[in-house]
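Visitor: Just dropping this structure here.
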Amino acid sequence: MLQPNNRVVMISGANRGIGLAVAQALASAGYRLSLGVRDVNAINAGDFGDDAIVVPYDATSDSAASAWTKATLERFSAIDALVLNAGVMFPVGIEDEKEEELDTMWDVNFKGPLRLVRAAFPALKACGHGRVVNVVSLSGKRVMSGGNLGYSASKFASLSLTHSIRQSGWDDGIRATAICPGLVDTDMVSHVSAPDGEYKITPQAIAATAAYALSLPNEASVAEVLVNSRLETML
């Protein structure tokens, strides 16, 4: 297994929820972190290691990915891994004329990660063991309700991005894993209750899954990890 050994990981959406849990887990494991966040005043870099950095990052900005990547390379001179976690969700169904919400989900959930991967790809190639962990969703594997169409569509696209990364970077040692969780206990779905007798996945469980994916050697690549909060017979 690959050991942290001061490897540099960029994590998007690290202010809270899954992103924050991933940052905490990786900091404890010894990774050096570059955290991309919307609100730099809401997080303390010192909580994630002596040399961790926090950089403003807006997934809807065309220039934010390159600026964050540049700041990371200036600080660490290398990038070993990306954790693509920033995401948004709005209820948009077949009959909902909510073009702005659709565009925002497409921008944040697909185009934002794509821009970040493009910016960091040369550094990921150069290290020979580049890793990309993409926090997708089970909504990128199936559609549970009509009102979930817009979010699912953006996450299906995000899943395709993961597989494209695997194909494009394979010969250079880049390995990409899509983590597809069900209902996770975060602010984004705080309005959604778990079904009777069921539960929400903890962000820490997803963080542990991300850490596992980052640790795998080049010859043991895992393309997708489905993390269920309840039994789904279709999976």
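Chain identifiers are assigned as A, B, and so on, following the order in which chains appear in the structure tokens; residues are numbered from 1 within each chain, and ligands are numbered from 1 in order of appearance.
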Could you list, as number ranges by chain, every residue within 12 Å of Gln24 (chain A), counting only C-alpha atoms and ignoring same-chain residues fewer than 6 positions away?
Guide: A: 11, 14-18, 30-33, 35, 43-49, 52, 203-204, 206-208, 210-211
Visitor: Would you mind writing down, as a PyMOL selection string, each residue of region 7-233 of chain A that DSSP on the backbone assigns to strand (DSSP E or B)?
Guide: chain A and resi 8-12+32-37+53-56+81-84+131-135+175-181+184+201+224-227
Visitor: Within 8 Å of region 56-77 of chain A, which residues of region 89-131 of chain A show up? Give each one with its shortest atom-to-atom distance in Å (one decimal) and the two atoms involved, counting only C-alpha atoms, rows by chain then rising residue number, as JSON lines.
Guide:
{"residue": "A:Thr104", "atom": "CA", "partner": "A:Thr60", "partner_atom": "CA", "distance": 7.6}
{"residue": "A:Asp107", "atom": "CA", "partner": "A:Thr60", "partner_atom": "CA", "distance": 5.6}
{"residue": "A:Val108", "atom": "CA", "partner": "A:Ala59", "partner_atom": "CA", "distance": 5.2}
{"residue": "A:Lys111", "atom": "CA", "partner": "A:Thr60", "partner_atom": "CA", "distance": 7.8}
{"residue": "A:Gly112", "atom": "CA", "partner": "A:Ala59", "partner_atom": "CA", "distance": 4.6}
{"residue": "A:Pro113", "atom": "CA", "partner": "A:Ala59", "partner_atom": "CA", "distance": 7.4}
{"residue": "A:Arg115", "atom": "CA", "partner": "A:Ala65", "partner_atom": "CA", "distance": 6.1}
{"residue": "A:Leu116", "atom": "CA", "partner": "A:Ala65", "partner_atom": "CA", "distance": 4.8}
{"residue": "A:Ala119", "atom": "CA", "partner": "A:Ser66", "partner_atom": "CA", "distance": 5.4}
{"residue": "A:Ala120", "atom": "CA", "partner": "A:Thr69", "partner_atom": "CA", "distance": 6.2}
Visitor: Keeping only C-alpha atoms, write those residues as an mmCIF file, in the first residue's frame.
Guide:
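And here's again_33.cif as it stands now:
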data_model
loop_
_atom_site.group_PDB
_atom_site.id
_atom_site.type_symbol
_atom_site.label_atom_id
_atom_site.label_comp_id
_atom_site.auth_asym_id
_atom_site.auth_seq_id
_atom_site.Cartn_x
_atom_site.Cartn_y
_atom_site.Cartn_z
ATOM 1 C CA THR A 104 -25.232 25.664 -11.147
ATOM 2 C CA ASP A 107 -20.975 23.907 -13.138
ATOM 3 C CA VAL A 108 -20.144 22.802 -9.587
ATOM 4 C CA LYS A 111 -17.236 21.406 -14.800
ATOM 5 C CA GLY A 112 -15.573 22.469 -11.538
ATOM 6 C CA PRO A 113 -13.924 19.085 -10.943
ATOM 7 C CA ARG A 115 -11.214 22.266 -14.442
ATOM 8 C CA LEU A 116 -9.346 21.174 -11.314
ATOM 9 C CA ALA A 119 -5.013 22.153 -13.888
ATOM 10 C CA ALA A 120 -3.388 19.474 -11.713
#
Visitor: Give the alpha helix (DSSP H) residues of region 57-169 of chain A, as assigned by DSSP on the backbone, as a count of residues only.
Guide: 58
Visitor: Pick out the residues sitting within 7 Å of region 181-186 of chain A, and hand them over as a PDB file with C-alpha atoms, in the first residue's frame; count only C-alpha atoms, and ignore anything fewer than 6 positions along from it in its own chain.
Guide:
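After the write, part.pdb holds the following:
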ATOM      1  CA  GLY A  17     -19.257  17.752   5.913  1.00  0.00           C
ATOM      2  CA  SER A 137     -23.085   9.817  -5.139  1.00  0.00           C
ATOM      3  CA  LEU A 138     -25.341   6.838  -5.607  1.00  0.00           C
ATOM      4  CA  LYS A 200     -27.459   8.163   7.477  1.00  0.00           C
ATOM      5  CA  ILE A 201     -23.807   7.382   6.719  1.00  0.00           C
ATOM      6  CA  THR A 202     -21.326   9.395   8.767  1.00  0.00           C
ATOM      7  CA  PRO A 203     -18.901  11.707   6.927  1.00  0.00           C
ATOM      8  CA  LEU A 226     -20.651   2.079  -3.602  1.00  0.00           C
ATOM      9  CA  VAL A 227     -21.444   2.938   0.013  1.00  0.00           C
ATOM     10  CA  ASN A 228     -24.998   2.101   1.044  1.00  0.00           C
ATOM     11  CA  SER A 229     -26.979   3.475   3.957  1.00  0.00           C
TER      12      SER A 229
END
Visitor: Take CA of Arg142 (chain A) and CA of Leu102 (chain A) and report the distance between them in Å, one decimal.
Guide: 17.9 Å
Visitor: Which polymer residues have any atom within 9 Å of an atom of Ala223 (chain A), counting only C-alpha atoms, with same-chain residues fewer than 3 positions away left out, as a VMD selection string?
Guide: chain A and resid 162 to 163 166 175 to 179
Visitor: Counting only C-alpha atoms, what is within 9 Å of Asn85 (chain A), bar same-chain residues fewer than 2 positions away, as a PDB file with C-alpha atoms, in the first residue's frame?
Guide:
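File around05.pdb, as written:
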ATOM      1  CA  ILE A  11      -9.278  18.658  -1.142  1.00  0.00           C
ATOM      2  CA  SER A  12     -12.144  20.753  -2.484  1.00  0.00           C
ATOM      3  CA  GLY A  13     -15.112  21.718  -0.330  1.00  0.00           C
ATOM      4  CA  ALA A  14     -13.179  21.199   2.903  1.00  0.00           C
ATOM      5  CA  ILE A  18     -17.436  15.093   3.928  1.00  0.00           C
ATOM      6  CA  GLY A  19     -14.635  17.415   2.847  1.00  0.00           C
ATOM      7  CA  VAL A  83     -10.132  14.727  -3.563  1.00  0.00           C
ATOM      8  CA  GLY A  87     -20.894  19.786  -4.704  1.00  0.00           C
ATOM      9  CA  ASN A 109     -20.625  19.041  -9.831  1.00  0.00           C
ATOM     10  CA  PRO A 113     -13.924  19.085 -10.943  1.00  0.00           C
ATOM     11  CA  VAL A 133     -10.815  10.434  -5.478  1.00  0.00           C
ATOM     12  CA  ASN A 134     -14.116  11.787  -6.748  1.00  0.00           C
ATOM     13  CA  VAL A 135     -16.963  11.984  -4.229  1.00  0.00           C
ATOM     14  CA  VAL A 136     -19.862  11.299  -6.575  1.00  0.00           C
TER      15      VAL A 136
END
